[in-house]
file protein03.csv (CSV, C-alpha atoms and all ligand atoms)
chain,number,residue,atom,x,y,z
R,1,MET,CA,114.9,-50.3,111.7
R,2,GLN,CA,111.3,-50.3,112.9
R,3,ARG,CA,109.1,-48.5,110.4
R,4,ILE,CA,106.1,-46.5,111.6
R,5,ALA,CA,103.7,-45.7,108.8
R,6,THR,CA,103.8,-42.0,108.0
R,7,GLY,CA,100.5,-40.3,108.6
R,8,GLU,CA,99.9,-42.3,111.7
R,9,LEU,CA,98.9,-40.0,114.5
R,10,ARG,CA,99.4,-40.7,118.2
R,11,LEU,CA,98.2,-38.6,121.1
R,12,VAL,CA,99.7,-39.5,124.4
R,13,GLU,CA,98.0,-38.2,127.6
R,14,LEU,CA,97.3,-35.0,125.8
R,15,SER,CA,95.7,-32.3,127.9
R,16,ARG,CA,94.8,-28.6,127.7
R,17,HIS,CA,93.8,-26.5,130.6
R,18,TYR,CA,92.5,-23.0,130.7
R,19,GLY,CA,93.1,-21.8,134.2
R,20,ASP,CA,91.3,-24.3,136.4
R,21,PHE,CA,89.1,-25.5,133.5
R,22,VAL,CA,90.1,-28.8,131.8
R,23,ALA,CA,89.1,-28.6,128.2
R,24,VAL,CA,91.0,-31.8,127.1
R,25,ASP,CA,91.7,-34.3,129.8
R,26,GLY,CA,94.6,-36.7,129.1
R,27,ILE,CA,93.6,-38.2,125.8
R,28,ASP,CA,95.3,-41.3,124.5
R,29,LEU,CA,94.6,-42.0,120.9
R,30,ASP,CA,96.0,-43.9,117.9
R,31,VAL,CA,94.8,-42.9,114.5
R,32,PRO,CA,96.1,-45.4,111.9
R,33,ALA,CA,97.6,-44.0,108.7
R,34,GLY,CA,95.2,-43.6,105.8
R,35,SER,CA,92.1,-44.0,108.0
R,36,PHE,CA,89.0,-41.9,108.2
R,37,PHE,CA,88.6,-41.1,111.8
R,38,ALA,CA,85.8,-39.1,113.4
R,39,LEU,CA,85.8,-37.2,116.7
R,40,LEU,CA,82.2,-37.0,117.8
R,41,GLY,CA,80.8,-35.3,120.8
R,42,PRO,CA,78.5,-32.6,122.1
R,43,SER,CA,79.3,-28.9,122.0
R,44,GLY,CA,82.1,-27.9,124.4
R,45,CYS,CA,83.5,-31.4,124.9
R,46,GLY,CA,87.0,-30.4,123.5
R,47,LYS,CA,86.9,-31.5,119.9
R,48,THR,CA,88.2,-28.2,118.4
R,49,THR,CA,90.8,-27.8,121.1
R,50,THR,CA,92.1,-31.3,120.3
R,51,LEU,CA,92.4,-30.5,116.6
R,52,ARG,CA,94.0,-27.2,117.2
R,53,MET,CA,96.7,-28.9,119.3
R,54,VAL,CA,97.4,-31.4,116.5
R,55,ALA,CA,97.6,-28.5,114.0
R,56,GLY,CA,100.0,-26.6,116.3
R,57,LEU,CA,97.6,-23.7,116.8
R,58,GLU,CA,97.2,-24.4,120.5
R,59,GLU,CA,99.9,-25.5,123.0
R,60,PRO,CA,99.2,-28.6,125.0
R,61,SER,CA,99.3,-28.2,128.8
R,62,ALA,CA,100.7,-31.8,129.0
R,63,GLY,CA,101.2,-34.8,126.9
R,64,ARG,CA,102.7,-35.5,123.5
R,65,ILE,CA,101.7,-35.6,119.8
R,66,MET,CA,103.5,-38.1,117.5
R,67,LEU,CA,103.2,-38.1,113.7
R,68,GLY,CA,104.7,-41.3,112.4
R,69,ALA,CA,108.0,-41.7,114.3
R,70,ASP,CA,108.3,-37.9,115.0
R,71,ASP,CA,107.4,-36.1,118.1
R,72,ILE,CA,105.8,-33.0,116.8
R,73,THR,CA,104.6,-31.6,120.2
R,74,ASN,CA,106.9,-28.6,119.9
R,75,THR,CA,107.1,-28.3,116.1
R,76,ARG,CA,105.8,-25.0,114.7
R,77,ALA,CA,102.4,-25.2,113.0
R,78,HIS,CA,103.7,-24.5,109.4
R,79,GLN,CA,106.3,-27.2,109.7
R,80,ARG,CA,103.8,-29.9,110.6
R,81,ARG,CA,102.6,-32.0,107.7
R,82,VAL,CA,99.1,-31.3,108.8
R,83,ASN,CA,96.4,-29.1,107.1
R,84,THR,CA,93.0,-28.0,108.4
R,85,VAL,CA,89.7,-27.3,106.7
R,86,PHE,CA,87.3,-25.2,108.8
R,87,GLN,CA,83.5,-24.6,108.6
R,88,SER,CA,84.1,-21.2,106.9
R,89,TYR,CA,86.0,-21.7,103.7
R,90,ALA,CA,88.0,-18.5,103.9
R,91,LEU,CA,88.7,-18.3,100.1
R,92,PHE,CA,90.3,-15.2,98.7
R,93,PRO,CA,87.4,-13.5,96.9
R,94,HIS,CA,89.6,-11.5,94.5
R,95,LEU,CA,91.6,-14.6,93.3
R,96,SER,CA,90.4,-17.2,90.8
R,97,ILE,CA,89.7,-20.7,91.9
R,98,ILE,CA,93.0,-22.1,90.6
R,99,ASP,CA,94.9,-19.2,92.3
R,100,ASN,CA,93.1,-19.9,95.5
R,101,VAL,CA,94.1,-23.6,95.4
R,102,GLY,CA,97.7,-22.9,94.2
R,103,PHE,CA,98.3,-20.0,96.6
R,104,GLY,CA,100.5,-21.8,99.1
R,105,LEU,CA,102.5,-23.7,96.5
R,106,ARG,CA,103.1,-20.5,94.6
R,107,ARG,CA,104.4,-18.7,97.7
R,108,LEU,CA,106.8,-21.7,98.2
R,109,LYS,CA,107.9,-21.1,94.6
R,110,VAL,CA,106.9,-24.6,93.5
R,111,ALA,CA,107.5,-24.6,89.7
R,112,ASP,CA,104.6,-26.9,88.7
R,113,TRP,CA,102.1,-25.3,91.1
R,114,LYS,CA,99.5,-24.9,88.3
R,115,SER,CA,99.4,-28.6,87.3
R,116,LYS,CA,99.3,-29.6,91.0
R,117,ALA,CA,96.5,-27.2,91.6
R,118,MET,CA,94.6,-28.5,88.6
R,119,GLU,CA,95.1,-32.0,89.8
R,120,ALA,CA,93.6,-31.2,93.2
R,121,LEU,CA,90.7,-29.4,91.5
R,122,ALA,CA,90.0,-32.4,89.3
R,123,MET,CA,90.0,-34.5,92.5
R,124,VAL,CA,87.0,-32.4,93.8
R,125,LYS,CA,85.5,-32.3,90.3
R,126,LEU,CA,85.9,-28.6,89.8
R,127,ALA,CA,88.5,-28.4,87.0
R,128,ASP,CA,86.0,-26.7,84.8
R,129,ARG,CA,85.7,-23.8,87.3
R,130,ALA,CA,89.4,-23.0,87.5
R,131,ASN,CA,89.1,-19.5,86.1
R,132,GLN,CA,86.0,-18.4,88.0
R,133,ARG,CA,85.8,-16.5,91.3
R,134,PRO,CA,84.6,-17.9,94.6
R,135,ARG,CA,81.4,-15.9,94.5
R,136,GLN,CA,80.3,-17.6,91.2
R,137,LEU,CA,80.3,-21.0,93.1
R,138,SER,CA,77.7,-22.5,95.4
R,139,GLY,CA,78.5,-23.1,99.1
R,140,GLY,CA,79.2,-26.8,98.5
R,141,MET,CA,81.5,-26.0,95.6
R,142,GLN,CA,83.4,-23.4,97.7
R,143,GLN,CA,83.9,-26.0,100.4
R,144,ARG,CA,85.3,-28.4,97.8
R,145,VAL,CA,87.7,-25.6,96.7
R,146,ALA,CA,88.8,-25.3,100.3
R,147,LEU,CA,89.3,-29.0,100.4
R,148,ALA,CA,91.4,-29.0,97.2
R,149,ARG,CA,93.5,-26.2,98.7
R,150,ALA,CA,94.1,-28.3,101.8
R,151,ILE,CA,95.2,-31.5,99.9
R,152,VAL,CA,97.2,-29.8,97.1
R,153,ASN,CA,100.5,-30.0,99.1
R,154,ARG,CA,99.7,-33.6,100.2
R,155,PRO,CA,99.8,-33.3,103.9
R,156,GLU,CA,100.0,-36.5,105.9
R,157,ILE,CA,97.0,-35.6,108.0
R,158,LEU,CA,93.9,-33.5,107.1
R,159,LEU,CA,91.9,-32.1,110.0
R,160,LEU,CA,88.3,-31.2,109.2
R,161,ASP,CA,86.5,-29.2,111.8
R,162,GLU,CA,82.8,-29.3,111.1
R,163,PRO,CA,83.5,-28.6,107.4
R,164,LEU,CA,79.9,-29.3,106.3
R,165,GLY,CA,78.3,-27.3,109.1
R,166,ALA,CA,77.3,-24.4,106.9
R,167,LEU,CA,75.6,-26.5,104.3
R,168,ASP,CA,72.0,-27.4,104.0
R,169,LEU,CA,71.0,-31.0,104.7
R,170,LYS,CA,70.8,-32.3,101.2
R,171,LEU,CA,74.2,-30.8,100.2
R,172,ARG,CA,75.6,-32.0,103.4
R,173,ARG,CA,74.7,-35.6,102.6
R,174,GLU,CA,76.2,-35.2,99.1
R,175,MET,CA,79.4,-33.8,100.5
R,176,GLN,CA,79.7,-36.6,103.0
R,177,ILE,CA,79.8,-39.1,100.1
R,178,GLU,CA,82.2,-36.9,98.2
R,179,LEU,CA,84.6,-36.5,101.2
R,180,LYS,CA,84.6,-40.3,101.6
R,181,ARG,CA,85.5,-40.8,98.0
R,182,ILE,CA,88.2,-38.2,98.1
R,183,GLN,CA,89.7,-39.6,101.2
R,184,SER,CA,89.9,-43.1,99.7
R,185,GLU,CA,91.5,-41.7,96.5
R,186,VAL,CA,94.2,-39.6,98.1
R,187,GLY,CA,94.8,-41.9,101.1
R,188,ILE,CA,95.5,-39.0,103.5
R,189,THR,CA,94.5,-39.6,107.1
R,190,PHE,CA,91.3,-37.7,107.7
R,191,ILE,CA,90.3,-36.6,111.2
R,192,HIS,CA,86.8,-35.3,111.0
R,193,VAL,CA,85.2,-33.4,113.9
R,194,THR,CA,81.4,-33.3,114.1
R,195,HIS,CA,78.6,-33.3,116.6
R,196,ASP,CA,76.3,-35.0,114.1
R,197,GLN,CA,76.2,-38.7,114.9
R,198,GLU,CA,74.8,-39.8,111.6
R,199,GLU,CA,77.6,-37.9,109.8
R,200,ALA,CA,80.3,-39.6,111.9
R,201,MET,CA,78.8,-43.1,111.5
R,202,THR,CA,78.3,-42.9,107.7
R,203,MET,CA,81.7,-41.5,107.0
R,204,ALA,CA,84.3,-42.8,109.4
R,205,ASP,CA,86.1,-46.2,109.8
R,206,THR,CA,86.6,-45.4,113.5
R,207,VAL,CA,84.6,-43.1,115.7
R,208,ALA,CA,85.8,-41.7,119.0
R,209,VAL,CA,83.0,-40.4,121.2
R,210,MET,CA,84.2,-37.5,123.3
R,211,ARG,CA,82.7,-36.2,126.5
R,212,ASP,CA,84.0,-33.5,128.9
R,213,GLY,CA,87.5,-33.6,127.5
R,214,HIS,CA,87.9,-37.4,127.5
R,215,ILE,CA,87.2,-40.2,125.1
R,216,GLU,CA,84.3,-42.2,126.4
R,217,GLN,CA,84.4,-45.0,123.7
R,218,LEU,CA,86.1,-45.7,120.5
R,219,GLY,CA,85.3,-48.2,117.8
R,220,ALA,CA,83.8,-49.0,114.4
R,221,PRO,CA,80.4,-47.3,114.0
R,222,ALA,CA,78.4,-50.5,114.1
R,223,GLU,CA,80.3,-51.6,117.2
R,224,LEU,CA,79.5,-48.4,119.1
R,225,TYR,CA,75.8,-48.5,118.0
R,226,ASP,CA,75.2,-52.1,118.9
R,227,ARG,CA,77.4,-52.3,122.0
R,228,PRO,CA,77.6,-48.9,123.6
R,229,ALA,CA,79.7,-49.0,126.8
R,230,THR,CA,77.8,-46.3,128.6
R,231,ALA,CA,74.4,-44.8,128.6
R,232,PHE,CA,75.9,-41.5,127.3
R,233,VAL,CA,77.2,-43.3,124.1
R,234,ALA,CA,73.9,-45.2,123.7
R,235,ASN,CA,71.9,-41.9,123.8
R,236,PHE,CA,74.4,-39.9,121.7
R,237,LEU,CA,74.4,-42.5,118.9
R,238,GLY,CA,70.7,-42.6,118.2
R,239,LYS,CA,67.7,-43.5,120.4
R,240,SER,CA,67.5,-46.3,122.9
R,241,ASN,CA,65.1,-47.6,125.5
R,242,LEU,CA,66.9,-48.0,128.8
R,243,ILE,CA,65.3,-50.0,131.6
R,244,PRO,CA,66.8,-50.3,135.1
R,245,ILE,CA,67.6,-53.9,136.0
R,246,GLU,CA,69.4,-56.1,138.5
R,247,LEU,CA,71.0,-59.4,137.6
R,248,ILE,CA,69.5,-62.2,139.7
R,249,GLU,CA,71.0,-65.3,138.1
R,250,PRO,CA,73.1,-66.0,134.9
R,251,GLY,CA,71.0,-64.9,131.9
R,252,VAL,CA,68.1,-63.5,134.0
R,253,ALA,CA,67.6,-60.0,135.2
R,254,VAL,CA,64.7,-58.4,137.1
R,255,ILE,CA,63.3,-55.0,136.1
R,256,THR,CA,63.7,-52.8,139.2
R,257,ALA,CA,61.3,-50.0,138.0
R,258,VAL,CA,58.3,-51.9,139.3
R,259,THR,CA,57.4,-53.9,142.4
R,260,PRO,CA,57.4,-56.9,142.4
R,261,GLY,CA,60.1,-56.9,139.7
R,262,VAL,CA,59.5,-58.4,136.3
R,263,LYS,CA,61.9,-61.1,135.2
R,264,ILE,CA,63.6,-60.6,131.9
R,265,PRO,CA,66.1,-62.7,129.9
R,266,VAL,CA,69.5,-61.0,129.3
R,267,ALA,CA,72.2,-62.5,127.0
R,268,PRO,CA,75.3,-63.1,129.1
R,269,GLN,CA,77.6,-61.8,126.3
R,270,THR,CA,75.9,-58.4,126.5
R,271,ILE,CA,76.8,-57.9,130.2
R,272,PRO,CA,80.0,-55.8,130.8
R,273,ALA,CA,82.4,-57.4,133.2
R,274,THR,CA,83.3,-54.3,135.0
R,275,ILE,CA,80.0,-52.8,136.0
R,276,SER,CA,77.7,-54.2,138.6
R,277,GLU,CA,75.7,-51.3,139.9
R,278,GLY,CA,73.0,-49.1,138.4
R,279,LEU,CA,72.7,-51.5,135.4
R,280,HIS,CA,70.3,-50.6,132.6
R,281,LEU,CA,69.2,-52.9,129.8
R,282,GLY,CA,69.2,-51.0,126.4
R,283,ILE,CA,67.2,-51.9,123.3
R,284,ARG,CA,67.2,-49.9,120.1
R,285,PRO,CA,63.8,-48.9,118.7
R,286,GLU,CA,64.2,-51.0,115.5
R,287,LYS,CA,65.2,-54.1,117.5
R,288,VAL,CA,61.8,-54.2,119.4
R,289,HIS,CA,59.0,-56.1,117.8
R,290,LEU,CA,55.3,-56.1,118.3
R,291,ALA,CA,54.6,-59.7,119.2
R,292,SER,CA,51.6,-61.2,117.5
R,293,GLY,CA,50.6,-64.5,119.1
R,294,GLY,CA,52.8,-66.2,121.7
R,295,VAL,CA,56.3,-65.2,122.6
R,296,GLN,CA,59.0,-67.9,123.1
R,297,ASP,CA,60.0,-68.6,126.7
R,298,ASP,CA,63.5,-67.5,126.2
R,299,ARG,CA,62.4,-64.1,124.8
R,300,PRO,CA,61.7,-61.0,126.8
R,301,GLN,CA,58.0,-60.1,127.0
R,302,LEU,CA,56.7,-56.7,128.1
R,303,VAL,CA,53.0,-55.6,128.0
R,304,GLY,CA,51.9,-52.1,127.4
R,305,GLN,CA,49.5,-49.7,125.8
R,306,VAL,CA,50.1,-47.8,122.5
R,307,SER,CA,50.2,-44.1,123.4
R,308,ASP,CA,51.4,-42.7,120.1
R,309,VAL,CA,51.6,-43.8,116.5
R,310,SER,CA,53.6,-41.8,113.9
R,311,PHE,CA,53.7,-42.9,110.3
R,312,THR,CA,57.0,-41.7,108.7
R,313,GLY,CA,56.8,-43.4,105.3
R,314,VAL,CA,59.3,-46.3,105.4
R,315,SER,CA,58.4,-47.1,108.9
R,316,THR,CA,56.0,-46.4,111.8
R,317,ASP,CA,57.1,-45.2,115.2
R,318,TYR,CA,55.2,-46.2,118.2
R,319,LEU,CA,55.3,-45.1,121.8
R,320,VAL,CA,54.1,-47.9,124.2
R,321,ARG,CA,53.4,-47.1,127.9
R,322,LEU,CA,54.6,-49.9,130.1
R,323,GLU,CA,53.2,-50.9,133.4
R,324,TRP,CA,55.5,-48.7,135.4
R,325,GLY,CA,54.9,-45.6,133.3
R,326,GLN,CA,58.0,-45.7,131.1
R,327,GLU,CA,57.4,-45.1,127.4
R,328,PHE,CA,59.1,-47.5,125.1
R,329,THR,CA,60.0,-46.3,121.6
R,330,LEU,CA,59.8,-48.7,118.7
R,331,THR,CA,60.1,-48.5,115.0
R,332,GLN,CA,58.4,-51.0,112.7
R,333,PRO,CA,59.1,-51.2,109.0
R,334,ASN,CA,56.0,-50.6,106.8
R,335,ASP,CA,56.4,-54.0,105.1
R,336,GLY,CA,52.7,-54.9,105.0
R,337,THR,CA,52.5,-56.8,108.3
R,338,SER,CA,49.8,-55.7,110.7
R,339,ARG,CA,50.1,-52.5,112.7
R,340,ALA,CA,49.0,-51.6,116.1
R,341,ARG,CA,46.4,-48.9,116.8
R,342,LEU,CA,46.4,-46.1,119.4
R,343,GLY,CA,45.2,-47.3,122.7
R,344,GLU,CA,45.7,-51.0,121.9
R,345,ARG,CA,47.3,-53.3,124.4
R,346,VAL,CA,50.4,-54.9,122.9
R,347,THR,CA,53.2,-57.3,123.8
R,348,LEU,CA,56.8,-56.2,123.0
R,349,THR,CA,59.7,-58.6,122.5
R,350,TRP,CA,63.2,-58.7,121.1
R,351,ASP,CA,66.2,-60.9,120.6
R,352,PRO,CA,68.2,-60.7,123.9
R,353,LYS,CA,71.5,-60.8,121.9
R,354,GLN,CA,70.4,-57.5,120.2
R,355,ALA,CA,70.1,-55.7,123.5
R,356,PHE,CA,73.0,-54.3,125.6
R,357,VAL,CA,73.7,-53.6,129.2
R,358,VAL,CA,75.3,-50.3,130.5
R,359,GLY,CA,75.9,-48.7,133.9
R,360,ALA,CA,74.0,-45.7,135.2
R,361,ASP,CA,75.2,-42.4,133.7
C,1,LIG,N1,90.8,-19.9,124.6
C,1,LIG,C1,90.0,-20.5,125.5
C,1,LIG,N2,89.9,-20.0,126.8
C,1,LIG,C2,89.1,-20.5,127.7
C,1,LIG,N3,88.3,-21.6,127.5
C,1,LIG,C3,88.3,-22.1,126.2
C,1,LIG,C4,89.2,-21.6,125.2
C,1,LIG,N4,89.0,-22.4,124.1
C,1,LIG,C5,88.1,-23.3,124.4
C,1,LIG,N5,87.7,-23.2,125.7
C,1,LIG,C6,86.7,-24.0,126.4
C,1,LIG,O1,87.1,-25.4,126.3
C,1,LIG,C7,86.0,-26.2,126.1
C,1,LIG,C8,86.1,-27.0,124.8
C,1,LIG,O2,86.0,-26.2,123.7
C,1,LIG,P1,86.1,-26.7,122.2
C,1,LIG,O3,86.0,-25.5,121.3
C,1,LIG,O4,87.2,-27.6,122.0
C,1,LIG,O5,84.7,-27.5,122.1
C,1,LIG,P2,84.1,-28.3,120.9
C,1,LIG,O6,83.9,-29.7,121.3
C,1,LIG,O7,84.8,-28.0,119.6
C,1,LIG,O8,82.6,-27.7,120.8
C,1,LIG,P3,81.7,-27.2,119.5
C,1,LIG,O9,81.0,-28.5,119.1
C,1,LIG,O10,80.7,-26.3,120.1
C,1,LIG,O11,82.6,-26.6,118.5
C,1,LIG,C9,84.7,-25.3,126.1
C,1,LIG,O12,84.1,-25.3,127.3
C,1,LIG,C10,85.3,-23.9,125.8
C,1,LIG,O13,84.6,-22.9,126.4
C,2,MG,MG,84.4,-27.0,117.8
call {"tool": "encode", "arguments": {"input": "protein03.csv", "output": "structure tokens", "more": "lines below"}}
Ligand SMILES: Nc1ncnc2c1ncn2[C@@H]1O[C@H](COP(=O)(O)OP(=O)(O)OP(=O)(O)O)[C@@H](O)[C@H]1O
Ligand SMILES: [Mg+2]
result
Amino acid sequence: MQRIATGELRLVELSRHYGDFVAVDGIDLDVPAGSFFALLGPSGCGKTTTLRMVAGLEEPSAGRIMLGADDITNTRAHQRRVNTVFQSYALFPHLSIIDNVGFGLRRLKVADWKSKAMEALAMVKLADRANQRPRQLSGGMQQRVALARAIVNRPEILLLDEPLGALDLKLRREMQIELKRIQSEVGITFIHVTHDQEEAMTMADTVAVMRDGHIEQLGAPAELYDRPATAFVANFLGKSNLIPIELIEPGVAVITAVTPGVKIPVAPQTIPATISEGLHLGIRPEKVHLASGGVQDDRPQLVGQVSDVSFTGVSTDYLVRLEWGQEFTLTQPNDGTSRARLGERVTLTWDPKQAFVVGAD
């Protein structure tokens, strides 16, 4: 008998329409059991709608949802081995922390509900708060209680819809690390929805970038960052400099933003096989260097004038205005090497293998 790992989630051509509007547009997705998976995308791209369909709170217009070997598309919400944590913790204010966590188990008349709830509270490091009320806890602690409540009955999948959205930045960073630790300890599949790219990249094994109801690209964080498939993904996951180019021979492109075009080396392995029109060369700000002295022949070389210098502590950000008016962003570490001044003419270079090529958006 073929065994499909429990906790593995598969979405097959899953769609949700509201009248003529397509909120989720035929998503195909495999989330391996035990992984930390992030759904990342701008507001309105369909993240919550997708989660709600997995939770059974929203009926798909088409497609199927598989959990392990089971088709759960038509299974009622409370019968799915799936729990959800929302941005608002929704704890019962009049119940103690332990009673909040054990609430569901108690209702199901689970005999050892108390020890199970204590175990879940220990997992989120709040065992010593078991007898307090929610209002005696900070926002971050309350969110950890909500998490304990969601894992206490050991679901196969935990859905997290912007669970850190209400927390301030410092607490948010702390909770990101906590959530990662808890996920690796309990081994439950986590599907984490966020529109914060840094949050998705620091936490998840795999990130799916969503746009207008579909998945634009899926991969490990470093893969998406270093080799975005589209300009949208490149811009959504951090900053990048995009220059319009045309390929003229293997390994050589010409910059079309200026006449006559400027030749520039492009590493063949960075060129996608499927796109030929509207090509843009992309370079991340930290991959661009200020060239002091000569630049090797096989390296790109662009000349411009420094139009802004911002010191940020660990690094300095520069804007450099190129010949055709485009402003290039670059970040240089403050490692004691020389810096450029405002108004200075500088030469920019980079390793062609660290650039990428995408089609027009
Ligand atoms: N019940 C509904 N009726 C009509 N349209 C809806 C309904 N629910 C969601 N939508 C629409 O579907 C689209 C996707 O909504 P969804 O809540 O999934 O977005 P999201 O990616 O979670 O966004 P956010 O980051 O703002 O939470 C939006 O344009 C929204 O207006
Ligand atoms: Mg949402």
call {"tool": "closest_atom_pairs", "arguments": {"input": "protein03.csv", "of": "chain R", "to": "ligand MG 2 (chain C)", "cutoff": "7 Å", "atoms": "all atoms listed in the file", "output": "CSV"}}
result
residue,atom,partner,partner_atom,distance
R:Ser43,CA,C:MG2,MG,6.9
R:Lys47,CA,C:MG2,MG,5.6
R:Thr48,CA,C:MG2,MG,4.0
R:Asp161,CA,C:MG2,MG,6.7
call {"tool": "residues_near_ligand", "arguments": {"input": "protein03.csv", "ligand": "ligand LIG 1 (chain C)", "cutoff": "12 Å", "atoms": "all atoms listed in the file", "output": "PyMOL selection string"}}
result
chain R and resi 15-25+39-53+57-60+86-87+160-163+165+192-196+209-215
call {"tool": "closest_atom_pairs", "arguments": {"input": "protein03.csv", "of": "range 258-322 of chain R", "to": "range 332-336 of chain R", "cutoff": "6 Å", "atoms": "only C-alpha atoms", "output": "JSON lines"}}
result
{"residue": "R:Val314", "atom": "CA", "partner": "R:Asn334", "partner_atom": "CA", "distance": 5.6}
{"residue": "R:Ser315", "atom": "CA", "partner": "R:Pro333", "partner_atom": "CA", "distance": 4.2}
{"residue": "R:Thr316", "atom": "CA", "partner": "R:Gln332", "partner_atom": "CA", "distance": 5.3}
call {"tool": "closest_atom_pairs", "arguments": {"input": "protein03.csv", "of": "range 152-251 of chain R", "to": "range 6-10 of chain R", "cutoff": "7 Å", "atoms": "all atoms listed in the file", "output": "tab-separated table"}}
result
residue	atom	partner	partner_atom	distance
R:Glu156	CA	R:Gly7	CA	4.7
R:Ile157	CA	R:Gly7	CA	5.9
R:Thr189	CA	R:Gly7	CA	6.2
call {"tool": "closest_residue", "arguments": {"input": "protein03.csv", "among": "R:Gln269, R:Ser307, R:Thr331, R:Asn131", "to": "Glu344 in chain R", "atoms": "all atoms listed in the file"}}
result
R:Ser307
call {"tool": "closest_residue", "arguments": {"input": "protein03.csv", "among": "R:Asp308, R:Glu174, R:Asp71, R:Asp226", "to": "Thr270 in chain R", "atoms": "only C-alpha atoms"}}
result
R:Asp226
call {"tool": "residues_near_point", "arguments": {"input": "protein03.csv", "point": "(87.1, -27.3, 87.0)", "cutoff": "12 Å", "atoms": "all atoms listed in the file", "output": "list of chain:residue names"}}
result
R:Ser96, R:Ile97, R:Ile98, R:Val101, R:Ala117, R:Met118, R:Glu119, R:Ala120, R:Leu121, R:Ala122, R:Met123, R:Val124, R:Lys125, R:Leu126, R:Ala127, R:Asp128, R:Arg129, R:Ala130, R:Asn131, R:Gln132, R:Arg133, R:Leu137, R:Met141, R:Gln142, R:Arg144, R:Val145, R:Ala148
call {"tool": "residues_around", "arguments": {"input": "protein03.csv", "residues": "range 236-238 of chain R", "least_positions_apart": "6", "cutoff": "12 Å", "atoms": "all atoms listed in the file", "output": "VMD selection string"}}
result
chain R and resid 40 to 42 195 to 202 207 to 211 216 to 217 221 to 230 282 to 286 329
call {"tool": "residues_around", "arguments": {"input": "protein03.csv", "residues": "Pro268 in chain R", "least_positions_apart": "6", "cutoff": "9 Å", "atoms": "only C-alpha atoms", "output": "PyMOL selection string"}}
result
chain R and resi 250-252+353
call {"tool": "closest_residue", "arguments": {"input": "protein03.csv", "among": "R:Asp361, R:Asp351, R:Asp297, R:Glu185", "to": "Leu242 in chain R", "atoms": "all atoms listed in the file"}}
result
R:Asp361
call {"tool": "residues_around", "arguments": {"input": "protein03.csv", "residues": "Arg321 in chain R", "least_positions_apart": "4", "cutoff": "9 Å", "atoms": "all atoms listed in the file", "output": "list in words"}}
result
Val303, Gly304, Gln305, Val306, Ser307, Gly325, Gln326, Glu327 and Phe328 of chain R
call {"tool": "atom_distance", "arguments": {"input": "protein03.csv", "atom1": "CA of Arg154 in chain R", "atom2": "CA of His94 in chain R"}}
result
25.0 Å
call {"tool": "atom_distance", "arguments": {"input": "protein03.csv", "atom1": "CA of Lys116 in chain R", "atom2": "CA of Thr84 in chain R"}}
result
18.6 Å
call {"tool": "residues_around", "arguments": {"input": "protein03.csv", "residues": "Val309 in chain R", "least_positions_apart": "2", "cutoff": "7 Å", "atoms": "only C-alpha atoms", "output": "ChimeraX atom specification"}}
result
/R:311,316-319,342
call {"tool": "write_last_selection", "arguments": {"input": "protein03.csv", "atoms": "C-alpha atoms", "output": "CSV table (one decimal), in the coordinates of the input"}}
result
chain,number,residue,atom,x,y,z
R,311,PHE,CA,53.7,-42.9,110.3
R,316,THR,CA,56.0,-46.4,111.8
R,317,ASP,CA,57.1,-45.2,115.2
R,318,TYR,CA,55.2,-46.2,118.2
R,319,LEU,CA,55.3,-45.1,121.8
R,342,LEU,CA,46.4,-46.1,119.4
